[in-house]
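Read through the structure below, which is laid out as structure tokens, and then see the notes.
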Amino acid sequence: MTKILRTALALTVVCGVAALALSFVYVVTRERIASEARKELDEALALVFPEGENFTPIDLATLGPIPESKELQFLEAYEAIKGGKRQGIVVKVASTGYGGPIVLLIGVDTEKGTITGIRVLEHQETPGLGSNVAAEPFLSQFLGKPLTSPFTIGEDVQAVSGATISSRAVARACGKVAELLRGERE
Amino acid sequence: MREFWHYFKNGLLGENPVLKLMIGLCSVLAVSVRVDNCLGMGMAVIFVLTCSSLVISLMRNFVPNEVRIPIFIVVISTFTTIVDLVMKAYLPPLSKAMGIFIPLIVVNCIIMARAEAFASRKPPLYAVADALGMGVGYTLVITAIGVVRELFGYGEFLSHPVFPESFQGMMAMILPPGAFLLIGIYIAILNWSLRRAKR
């Protein structure tokens, strides 16, 4: 009996001390981690919608019925505001590529009905092949494209060589976002 | 003090965790594409290994034998989580580059193996010497792999281009096979030179 108690006591003390130490570190770093994450998001938003002065998160449901599919999930949406007026919308989507979801930020000018920018936030594509879809030469093809374009590999978008699946995932995401936001155009 | 150096050197060559004991290879393969990632990973491993070895060695008379493994894991994961949080807060790009491999230090067998085989049986000073030796040994090997992989895979060193613009990176070096090949070559070189030194 005393042996069981001693064992339990040892485990309890170690876990208690560990929990204390972790809570302390968590409290100290929490603010900083949150502000780093916010900074990163702000930088990414400014890159995909350079004209936006500030961005406010909006509910995805306000954009209309969100298409549900296994390959493409809509994650978040932001309103890009300039001079107090809504200029466009930035949508964060996850599109399934070759190695897993490719998380993209896509900016759309709702006045002109064009794509203003596109950025890959996270991906697990093959380094050197699929990872090239996150680079400028491929992504810049989408810049300024009207929302009515087909966004199809081989038609209006050139795939990264050796990475058709990854390229298709990005194009599909753009196409679906464009389809959703076509109605938003004022 | 001589004992301290003896245990420290043990981890560098004679029992180098990667080249001799061949443990903790998963993180070596995954992280060693770029030199800065290697150094970051090395520092994280040195920190977690040293701190947990010290704590485990200090507790060695208090820990009941039946629950030693759970207690080691709690200690190791506490230090790993601390590293993870601190990196996220102060070195976000590095933390992003290493992704899942920082939390996975918890299950890095180098740390568990040293806790079980060494730190839980030896006084704190020797435990720290062993941990530092193992940690530095790990860092040296992973960095040596990283230098070659970054140089031939991307044509860069610490993200600065080394070769002229027309350089085409070797895909094999960026992908895990490059690390496997290099580890094999390094093991061969180390064994060969140790054998020569003995003669």
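Going through the structure tokens in order, the chains are called A, B, and so on, while each chain numbers its residues from 1 and the ligands are numbered from 1 in the order shown.
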
Any idea what's packed within 12 Å of B:Phe101, counting only C-alpha atoms, ignoring anything in its chain fewer than 6 positions away? Could you give it as a PDB file with C-alpha atoms, in the first residue's frame?
ATOM      1  CA  GLY B  24      17.197  10.055 -33.744  1.00  0.00           C
ATOM      2  CA  LEU B  25      17.627   9.665 -37.502  1.00  0.00           C
ATOM      3  CA  CYS B  26      14.105  10.773 -38.373  1.00  0.00           C
ATOM      4  CA  SER B  27      14.717  14.402 -37.479  1.00  0.00           C
ATOM      5  CA  VAL B  28      18.143  14.290 -39.167  1.00  0.00           C
ATOM      6  CA  LEU B  29      16.552  13.238 -42.456  1.00  0.00           C
ATOM      7  CA  ALA B  30      13.719  15.706 -42.280  1.00  0.00           C
ATOM      8  CA  VAL B  31      15.328  18.894 -41.050  1.00  0.00           C
ATOM      9  CA  SER B  32      18.788  18.843 -42.642  1.00  0.00           C
ATOM     10  CA  ASN B  37      17.377  24.653 -39.745  1.00  0.00           C
ATOM     11  CA  CYS B  38      20.122  22.245 -38.662  1.00  0.00           C
ATOM     12  CA  GLY B  40      18.171  25.569 -34.818  1.00  0.00           C
ATOM     13  CA  MET B  41      17.272  21.918 -34.425  1.00  0.00           C
ATOM     14  CA  GLY B  42      20.694  21.240 -32.860  1.00  0.00           C
ATOM     15  CA  ALA B  44      16.767  22.774 -29.444  1.00  0.00           C
ATOM     16  CA  VAL B  45      18.026  19.211 -28.960  1.00  0.00           C
ATOM     17  CA  THR B  80      10.218  20.362 -25.414  1.00  0.00           C
ATOM     18  CA  THR B  81       7.027  22.368 -25.013  1.00  0.00           C
ATOM     19  CA  VAL B  83      11.347  25.238 -26.500  1.00  0.00           C
ATOM     20  CA  ASP B  84       8.376  25.078 -28.858  1.00  0.00           C
ATOM     21  CA  LEU B  94      12.636  29.059 -37.766  1.00  0.00           C
ATOM     22  CA  SER B  95       9.751  27.547 -35.867  1.00  0.00           C
ATOM     23  CA  VAL B 107       9.926  11.080 -28.961  1.00  0.00           C
ATOM     24  CA  ASN B 108      13.476  11.592 -30.197  1.00  0.00           C
TER      25      ASN B 108
END

Nearby residues (only C-alpha atoms) at most 9 Å from A:Gly99, same-chain spacing under 6 positions excluded, as a PDB file with N, CA, C and O atoms, in the first residue's frame:
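Saved as result.pdb:
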ATOM      1  N   HIS A 123       1.951  24.397 -47.153  1.00  0.00           N
ATOM      2  CA  HIS A 123       1.809  23.281 -48.083  1.00  0.00           C
ATOM      3  C   HIS A 123       2.778  22.184 -47.690  1.00  0.00           C
ATOM      4  O   HIS A 123       3.752  22.414 -46.976  1.00  0.00           O
ATOM      5  N   GLN A 124       2.509  20.971 -48.159  1.00  0.00           N
ATOM      6  CA  GLN A 124       3.419  19.850 -47.940  1.00  0.00           C
ATOM      7  C   GLN A 124       3.750  19.199 -49.274  1.00  0.00           C
ATOM      8  O   GLN A 124       3.851  17.985 -49.371  1.00  0.00           O
ATOM      9  N   GLU A 125       3.890  19.999 -50.323  1.00  0.00           N
ATOM     10  CA  GLU A 125       4.188  19.430 -51.632  1.00  0.00           C
ATOM     11  C   GLU A 125       5.652  19.022 -51.711  1.00  0.00           C
ATOM     12  O   GLU A 125       6.478  19.467 -50.909  1.00  0.00           O
ATOM     13  N   THR A 126       5.981  18.193 -52.678  1.00  0.00           N
ATOM     14  CA  THR A 126       7.358  17.712 -52.838  1.00  0.00           C
ATOM     15  C   THR A 126       8.317  18.885 -53.035  1.00  0.00           C
ATOM     16  O   THR A 126       8.115  19.682 -53.939  1.00  0.00           O
ATOM     17  N   GLY A 130       6.538  20.129 -56.579  1.00  0.00           N
ATOM     18  CA  GLY A 130       5.257  20.722 -56.224  1.00  0.00           C
ATOM     19  C   GLY A 130       5.402  22.025 -55.457  1.00  0.00           C
ATOM     20  O   GLY A 130       4.560  22.904 -55.528  1.00  0.00           O
ATOM     21  N   SER A 166      -0.438  19.446 -57.942  1.00  0.00           N
ATOM     22  CA  SER A 166      -0.323  20.641 -57.102  1.00  0.00           C
ATOM     23  C   SER A 166      -0.855  21.864 -57.836  1.00  0.00           C
ATOM     24  O   SER A 166      -1.563  22.688 -57.265  1.00  0.00           O
TER      25      SER A 166
END

Discussion item. Which residues are close to stretch 141-149 of chain B, i.e. within 9 Å by only C-alpha atoms, leaving aside same-chain residues fewer than 4 positions away? Reply as a PyMOL selection string.
Written reply: chain B and resi 16+18-19+28-29+31-39+41-42+136-137+153-158+170+172-174+178-179+182-183+186

Worksheet item: Within 12 Å of chain A, which residues of chain B show up when using only C-alpha atoms, listed as a ChimeraX atom specification?
Response: /B:30,33,52,55-56,59-93,95-97,99-100,153-154,168-176

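For A:Leu72, the list of residues within 8 Å, based on only C-alpha atoms and with local chain neighbours fewer than 4 positions off taken out, reads Glu68, Val93, Ala94, Ser95, Thr96 and Ala173 of chain A.
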
Kindly export the residues of the current selection with C-alpha atoms, as a compact mmCIF listing (two decimals), in the first residue's frame.
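Okay, this is what ended up in out-v5.txt:
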# COMPACT_ATOMS: atom_id res chain seq x y z
CA GLU A 68 -18.67 21.83 -49.62
CA VAL A 93 -9.05 28.22 -48.54
CA ALA A 94 -7.45 24.79 -48.22
CA SER A 95 -7.19 22.80 -51.43
CA THR A 96 -5.92 19.24 -51.46
CA ALA A 173 -9.14 26.88 -55.40

Worksheet item: Any idea what the distance is between atom CA of A:Glu53 and atom CA of A:Pro137?
Response: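 We find that atom CA of A:Glu53 and atom CA of A:Pro137 lie 26.4 Å from each other.
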
Practice prompt. Would you please give, as a VMD selection string, all residues of chain A that DSSP assigns to alpha helix (DSSP H) based on the backbone?
Written response: chain A and resid 2 to 48 136 to 139 164 to 181

Worksheet item: Between atom CA of A:Leu63 and atom CA of A:Gln141, what is the distance, to one decimal in Å?
Response: 25.3 Å

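Distances to A:Ile58 were evaluated for A:Val91, A:Ala134, A:Ile106, A:Leu5 using only C-alpha atoms, and the minimum falls at A:Val91.
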
Discussion item. I'd like the neighbourhood of A:Asn54 as number ranges by chain, where a residue qualifies if any of its atoms comes within 10 Å (using only C-alpha atoms), though same-chain residues fewer than 5 positions away should be ignored.
Written reply: A: 42, 45-46, 49, 78-84, 86

Practice prompt. Go ahead and compute the interatomic distance for atom CA of B:Ser193 and atom CA of B:Trp5, in Å to one decimal.
Written response: 21.3 Å
